[in-house]
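Engineer: Quick one: the structure is below, and I'll ask about it shortly.
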Amino acid sequence: MYFNKLKIIFTMIKNRIINSILLLTCVAIIFTACKSNPEEKTSEFKTTLSFGPGEEDKIMEAFLSIKDSTKIQFKEGRYNFNRLSINQGKNIVLKGAGPDKTIFDFSSQTQGGEGMRITDVIGFSISGIRLQDSKGDLIKLNKCTDVVIDSVHAIWHVADSTSGGYAIYPVLCKNVLIDHSYAEGASDAGIYVGQTQGAIVRNSKASKNVAGCEIENTSDAQVYDNEFYGNTAGFLVFDLPGLSQRGGNTKAYNNYLHDNNNKNFAKAGSFGTAWGVGNAAPGSGIIILATSNVELYKNRIINNNSSAISIASGLTVDDKAMEKINPAYFPISRNISIHDNIMEMGNAFPQEAYTHHMGQMLVGVEQKLAQQDPSRKNQRIPFILYDGVTTNIINKGTVANPDSICIRQDGANIFVNADIINIKSKNWHPNTDIKPFTCK
């Protein structure tokens with residue numbers, strides 16, 4: 001009996017100790033969670049302002065005179081602006097009630113190249129706002145550091161060459177996050193990240209643009225869990241000459257790119273056909289141009305009916321590309337890894353491809369393959385098109401795959417080396433031999 005009582009007492013003490021430990025643990029977890037929630041840190045801003053519709057003049061004045069550590073909240077409603085600009089600052093937050101509730105309308109804009117321009121800001125965040133119908137770019141962030149663009153919609157309601165070039169446009173920035181956002185109607189790229197170091201684009205959508213999303217001359221970018229659809233081309237990774245830095249180290253995965261078959265309505269000139277997005281053929285899922293160290297994996301690339309993935313050199317679109325080689329530009333794509341993607345294609349090219357200069361080239365490749373091999377008569381162009389331009393033309397080498405184009409994809413009709421360099425000669429011979437490009 002005595003030992004049974006001791007056992008009961010010991011068990012009660014043990015249970016109390018365990019419950020105390022659990023309680024302390026829970027308190028610690030709750031405290032840590034609250035402490036880590038940035039929305040709870042109201043004291044981090046020296047200035048907090050709030051505005052509603054009808055106070056546009058006050059808002060523009062607040063932007064021009066903004067101080068470091070300022071949060072501006074915008075109430076639900078439509079705001080009509082000519083232009084908004086912030087020049088220099090630290091720790092600035094713009095927060096709306098949601099992209100369907102807080103609307104910045106620039107349709108009456110008479111001056112300025114952008115709807116909203118943010119320059120030289122360290123620590124900038126914008127969320128819960130819709131920007132629409134500016135004459136130029138909708139939101140441009142220039143030379144900013146630690147940028148967050150979250151739940152921002154950037155839209156032109158008329159998608160044609162009169163639209164601005166870029167909807168969401170960070171350029172020459174460092175550490176950019178674009179999350180849960182949407183872009184529509186851009187005559188260049190809906191979501192564009194240019195000449196930037198460190199970028200993430202995730203959980204976002206782009207439709208009815210020339211390019212849904214473009215990573216251009218940008219290093220260390222990740223693009224994942226997005227949906228790009230109904231554009232001319234879904235996703236572009238480009239390096240272009242004459243810019244401040246060279247791009248590379250881009251990963252794109254878990255994206256859904258589908259039905260990008262629309263007409264290319266890029267502006268002539270700055271966006272035109274000699275360089276840039278004007279070269280995107282209608283029906284393109286992904287285009288890699290003159291860049292390096294790109295990995296594409298676990299994407300669904302469906303019904304982009306000219307090419308699921310194209311890998312090209314600058315020479316394909318510019319016969320003077322070799323003259324432009326410098327530390328910031330090299331025209332031949334290198335170190336490209338493509339694996340574990342799901343790819344499907346419709347039965348025919350989109351009609352718009354037949355009148356586009358690069359679309360006509362893709363049509364020609366499909367036709368040439370059928371001429372060379374009658375068994376391919378009713379087969380579509382292979383999912384992955386490589387222009388076949390390699391560094392062999394520089395060093396006069398003969399290596400089969402000198403630039404490490406590495407493809408690991410199951411299934412049939414996966415790959416074509418388009419032999420673009422000979423397309424105008426009698427020796428033109430595109431081929432579907434994937435063996436040199438199947439890397440371990």
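Residues in the structure tokens are named by chain (A, B, ... in the order shown) and by number from 1 within that chain; ligands are numbered from 1 in the order shown.
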Go through stretch 230-322 of chain A and flag each residue having an atom no more than 7 Å from stretch 146-166 of chain A; for those, report the closest pair of atoms plus their distance in Å to one decimal, using only C-alpha atoms, ordered by chain and rising number, as a tab-separated table.

Structural biologist:
residue	atom	partner	partner_atom	distance
A:Phe265	CA	A:Ser161	CA	5.4
A:Ala266	CA	A:Ser161	CA	5.9
A:Lys267	CA	A:Ser161	CA	5.4

Engineer: Just list the residues in stretch 54-230 of chain A DSSP gives strand (DSSP E) on the backbone, as a VMD selection string.

Structural biologist: chain A and resid 70 to 74 77 to 80 84 to 95 102 to 105 114 to 132 137 to 142 145 to 155 166 to 171 174 to 179 182 to 184 189 to 194 197 to 202 205 to 207 211 to 216 219 to 224 227 to 229

Engineer: List every residue of stretch 120-278 of chain A that DSSP, applied to the backbone of this structure, assigns to helix (DSSP H, G or I), and report them as number ranges by chain.

Structural biologist: A: 269-271, 277-278

Engineer: Which residues are close to stretch 200-209 of chain A, i.e. within 9 Å by only C-alpha atoms, leaving aside same-chain residues fewer than 3 positions away? Reply as a ChimeraX atom specification.

Structural biologist: /A:151,159-160,175-191,212-213,220-234,255,260,262,264-265

Engineer: Please dump the current selection as a CSV table (one decimal), in the first residue's frame; keep C-alpha atoms.

Structural biologist:
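Saved file part18.csv follows:
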chain,number,residue,atom,x,y,z
A,151,SER,CA,-1.0,41.6,-54.4
A,159,ALA,CA,-4.1,45.4,-75.0
A,160,ASP,CA,-2.4,46.7,-78.2
A,175,ASN,CA,16.6,41.9,-54.0
A,176,VAL,CA,13.1,42.1,-55.6
A,177,LEU,CA,10.1,40.0,-54.6
A,178,ILE,CA,7.0,39.9,-56.8
A,179,ASP,CA,4.2,37.9,-55.2
A,180,HIS,CA,0.5,37.2,-55.7
A,181,SER,CA,0.4,39.9,-58.5
A,182,TYR,CA,-1.2,40.1,-61.9
A,183,ALA,CA,-0.3,41.9,-65.1
A,184,GLU,CA,-2.3,42.4,-68.3
A,185,GLY,CA,-2.1,44.3,-71.6
A,186,ALA,CA,1.6,45.2,-71.8
A,187,SER,CA,3.0,45.8,-75.2
A,188,ASP,CA,6.3,44.3,-74.0
A,189,ALA,CA,6.2,42.3,-70.8
A,190,GLY,CA,3.6,42.2,-68.1
A,191,ILE,CA,6.1,41.3,-65.3
A,212,GLY,CA,3.8,37.3,-69.7
A,213,CYS,CA,7.0,37.5,-67.7
A,220,ASP,CA,20.1,35.1,-59.6
A,221,ALA,CA,16.4,35.0,-60.3
A,222,GLN,CA,13.8,32.4,-59.3
A,223,VAL,CA,10.4,32.1,-61.0
A,224,TYR,CA,8.0,29.6,-59.6
A,225,ASP,CA,4.4,28.7,-58.9
A,226,ASN,CA,3.1,31.2,-61.5
A,227,GLU,CA,0.6,31.0,-64.3
A,228,PHE,CA,1.3,32.8,-67.6
A,229,TYR,CA,-1.4,32.3,-70.2
A,230,GLY,CA,-3.0,34.0,-73.2
A,231,ASN,CA,0.1,36.0,-74.1
A,232,THR,CA,2.2,36.0,-77.3
A,233,ALA,CA,4.9,34.2,-75.3
A,234,GLY,CA,4.6,32.9,-71.7
A,255,ASN,CA,5.0,27.2,-63.4
A,260,ASN,CA,0.2,31.6,-75.3
A,262,ASN,CA,-1.7,35.6,-79.3
A,264,ASN,CA,2.7,40.0,-81.2
A,265,PHE,CA,1.7,43.6,-80.8

Engineer: What's the 7 Å shell around stretch 63-76 of chain A, counting only C-alpha atoms, without same-chain residues fewer than 5 positions away, as a PyMOL selection string?

Structural biologist: chain A and resi 45-52+85-86+89-97+101-102

Engineer: Write out as a ChimeraX atom specification which residues come within 12 Å of A:Ala400 when counting only C-alpha atoms, dropping same-chain ones fewer than 6 positions away.

Structural biologist: /A:388-392,417,433-438

Engineer: Kindly assemble as a Markdown table a list of the stretch 298-353 of chain A residues that lie within 9 Å of stretch 240-244 of chain A, each paired with its nearest atom pair and their distance in Å to one decimal, using only C-alpha atoms, sorted first by chain and then by ascending residue number.

Structural biologist:
| residue | atom | partner | partner_atom | distance |
| --- | --- | --- | --- | --- |
| A:Gly314 | CA | A:Leu240 | CA | 7.9 |
| A:Ala321 | CA | A:Pro241 | CA | 8.0 |
| A:Lys324 | CA | A:Pro241 | CA | 6.4 |
| A:Ile325 | CA | A:Pro241 | CA | 7.8 |
| A:Asn326 | CA | A:Pro241 | CA | 8.6 |
| A:Ala328 | CA | A:Ser244 | CA | 6.6 |
| A:Tyr329 | CA | A:Pro241 | CA | 5.6 |
| A:Phe330 | CA | A:Pro241 | CA | 8.0 |
| A:Pro331 | CA | A:Leu240 | CA | 8.1 |

Engineer: Using only C-alpha atoms, which residues sit within 10 Å of stretch 407-416 of chain A once same-chain residues fewer than 2 positions away are excluded, as a VMD selection string?

Structural biologist: chain A and resid 296 to 297 308 to 310 336 to 343 365 to 366 369 376 379 to 388 404 to 405 418 to 419 430 to 440
